[in-house]
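Have a look at the structure below, then the notes.
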Amino acid sequence: MKGNQPYIVFKHTDIDRTHIHIVSTCVGIDGKKILDDYDHPRSMAICWDLEQKYNL
């Protein structure tokens, strides 16, 4: 189900800089664990894209 995983992005400034958090689920609609291999590199790539797109 690549590409269909729900997520939400929070942007806030609770410290001296603006930053975001990406929150998602790790359980698929079938009740099985979604593979999380390479989650960190993938989330960092998403962060980079968002930073570029929104000039963060």
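By order in the structure tokens, chains are A, B, ...; within a chain, residues start at 1; ligands start at 1, following the order shown.
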
(request) Would you mind writing down, as a list in words, each residue of chain A that DSSP on the backbone assigns to strand (DSSP E or B)? (result) Tyr7, Ile8, Val9, Phe10, Lys11, His12, His19, Ile20, His21, Ile22, Val23, Ser24, Val27 and Lys33 of chain A

Saved selection, atoms kept: all heavy atoms, as a CSV table (one decimal), in the first residue's frame:
```
chain,number,residue,atom,x,y,z
A,7,TYR,N,-1.0,10.3,7.2
A,7,TYR,CA,-0.1,11.0,8.1
A,7,TYR,C,-0.6,12.4,8.3
A,7,TYR,O,-1.5,12.9,7.6
A,7,TYR,CB,1.3,11.1,7.4
A,7,TYR,CG,1.3,11.9,6.1
A,7,TYR,CD1,1.6,13.3,6.2
A,7,TYR,CD2,1.0,11.3,4.9
A,7,TYR,CE1,1.6,14.0,5.0
A,7,TYR,CE2,1.0,12.1,3.8
A,7,TYR,CZ,1.3,13.4,3.8
A,7,TYR,OH,1.3,14.2,2.7
A,8,ILE,N,0.0,13.1,9.3
A,8,ILE,CA,-0.3,14.5,9.5
A,8,ILE,C,1.0,15.2,9.8
A,8,ILE,O,2.0,14.6,10.4
A,8,ILE,CB,-1.3,14.7,10.7
A,8,ILE,CG1,-1.8,16.1,10.8
A,8,ILE,CG2,-0.7,14.1,12.0
A,8,ILE,CD1,-3.0,16.3,11.7
A,9,VAL,N,1.1,16.4,9.4
A,9,VAL,CA,2.3,17.2,9.7
A,9,VAL,C,2.0,18.4,10.6
A,9,VAL,O,1.0,19.1,10.3
A,9,VAL,CB,2.9,17.8,8.3
A,9,VAL,CG1,4.1,18.6,8.6
A,9,VAL,CG2,3.2,16.6,7.4
A,10,PHE,N,2.8,18.5,11.6
A,10,PHE,CA,2.6,19.7,12.6
A,10,PHE,C,3.8,20.6,12.4
A,10,PHE,O,4.9,20.2,12.5
A,10,PHE,CB,2.6,19.2,14.0
A,10,PHE,CG,1.4,18.4,14.4
A,10,PHE,CD1,1.4,17.0,14.3
A,10,PHE,CD2,0.2,19.0,14.8
A,10,PHE,CE1,0.3,16.2,14.7
A,10,PHE,CE2,-0.9,18.2,15.2
A,10,PHE,CZ,-0.8,16.9,15.1
A,11,LYS,N,3.5,21.9,12.2
A,11,LYS,CA,4.5,22.9,12.1
A,11,LYS,C,4.3,23.8,13.4
A,11,LYS,O,3.2,24.3,13.6
A,11,LYS,CB,4.4,23.7,10.9
A,11,LYS,CG,5.3,24.9,10.8
A,11,LYS,CD,5.0,25.7,9.5
A,11,LYS,CE,5.7,27.0,9.6
A,11,LYS,NZ,5.3,27.9,8.5
A,12,HIS,N,5.4,24.0,14.1
A,12,HIS,CA,5.2,24.9,15.3
A,12,HIS,C,6.6,25.5,15.7
A,12,HIS,O,7.6,25.1,15.2
A,12,HIS,CB,4.6,24.1,16.4
A,12,HIS,CG,5.3,22.9,16.9
A,12,HIS,ND1,6.1,22.9,18.0
A,12,HIS,CD2,5.3,21.6,16.4
A,12,HIS,CE1,6.6,21.7,18.1
A,12,HIS,NE2,6.2,20.9,17.2
A,19,HIS,N,9.8,24.3,13.4
A,19,HIS,CA,10.1,23.0,13.0
A,19,HIS,C,8.8,22.2,12.8
A,19,HIS,O,7.7,22.7,13.1
A,19,HIS,CB,11.0,22.3,13.9
A,19,HIS,CG,10.5,22.1,15.3
A,19,HIS,ND1,10.4,23.2,16.2
A,19,HIS,CD2,10.0,21.1,16.0
A,19,HIS,CE1,9.9,22.8,17.4
A,19,HIS,NE2,9.6,21.5,17.2
A,20,ILE,N,8.9,21.0,12.2
A,20,ILE,CA,7.8,20.2,11.9
A,20,ILE,C,7.9,18.8,12.5
A,20,ILE,O,9.1,18.4,12.8
A,20,ILE,CB,7.5,20.1,10.4
A,20,ILE,CG1,8.6,19.3,9.7
A,20,ILE,CG2,7.2,21.4,9.8
A,20,ILE,CD1,8.3,19.0,8.3
A,21,HIS,N,6.8,18.2,12.8
A,21,HIS,CA,6.8,16.8,13.2
A,21,HIS,C,5.8,16.1,12.2
A,21,HIS,O,4.8,16.6,11.9
A,21,HIS,CB,6.2,16.6,14.6
A,21,HIS,CG,7.1,17.2,15.6
A,21,HIS,ND1,8.1,16.5,16.3
A,21,HIS,CD2,7.1,18.5,16.1
A,21,HIS,CE1,8.6,17.3,17.1
A,21,HIS,NE2,8.1,18.5,17.1
A,22,ILE,N,6.2,14.9,11.8
A,22,ILE,CA,5.4,14.1,10.9
A,22,ILE,C,4.9,12.9,11.7
A,22,ILE,O,5.8,12.2,12.3
A,22,ILE,CB,6.2,13.6,9.6
A,22,ILE,CG1,6.7,14.8,8.9
A,22,ILE,CG2,5.3,12.7,8.8
A,22,ILE,CD1,7.7,14.4,7.8
A,23,VAL,N,3.6,12.7,11.8
A,23,VAL,CA,3.1,11.6,12.6
A,23,VAL,C,2.3,10.7,11.7
A,23,VAL,O,1.5,11.2,10.9
A,23,VAL,CB,2.2,12.2,13.7
A,23,VAL,CG1,1.6,11.0,14.6
A,23,VAL,CG2,2.9,13.2,14.6
A,24,SER,N,2.5,9.4,11.8
A,24,SER,CA,1.8,8.5,11.0
A,24,SER,C,1.4,7.2,11.8
A,24,SER,O,1.9,7.1,12.9
A,24,SER,CB,2.6,8.1,9.7
A,24,SER,OG,1.9,7.3,8.9
A,27,VAL,N,0.1,0.7,11.5
A,27,VAL,CA,-0.8,-0.4,11.3
A,27,VAL,C,-1.6,-0.1,10.0
A,27,VAL,O,-2.2,0.9,9.9
A,27,VAL,CB,-1.7,-0.6,12.5
A,27,VAL,CG1,-2.6,-1.8,12.3
A,27,VAL,CG2,-0.8,-0.9,13.7
A,33,LYS,N,1.1,-4.9,10.6
A,33,LYS,CA,2.2,-3.9,10.7
A,33,LYS,C,2.6,-3.4,9.4
A,33,LYS,O,2.9,-4.3,8.5
A,33,LYS,CB,3.3,-4.4,11.5
A,33,LYS,CG,4.4,-3.3,11.8
A,33,LYS,CD,5.6,-3.9,12.6
A,33,LYS,CE,6.6,-2.9,13.0
A,33,LYS,NZ,7.2,-2.2,11.9
```

(request) Please run DSSP on the backbone and report, as a PyMOL selection string, all residues within chain A that come out as alpha helix (DSSP H). (result) chain A and resi 39-54

(request) Give the answer as one residue: which of A:Leu56, A:Ile29, A:Leu50, A:Tyr38 has the shortest atom-to-atom distance to Thr13 in chain A, using only C-alpha atoms? (result) A:Leu56
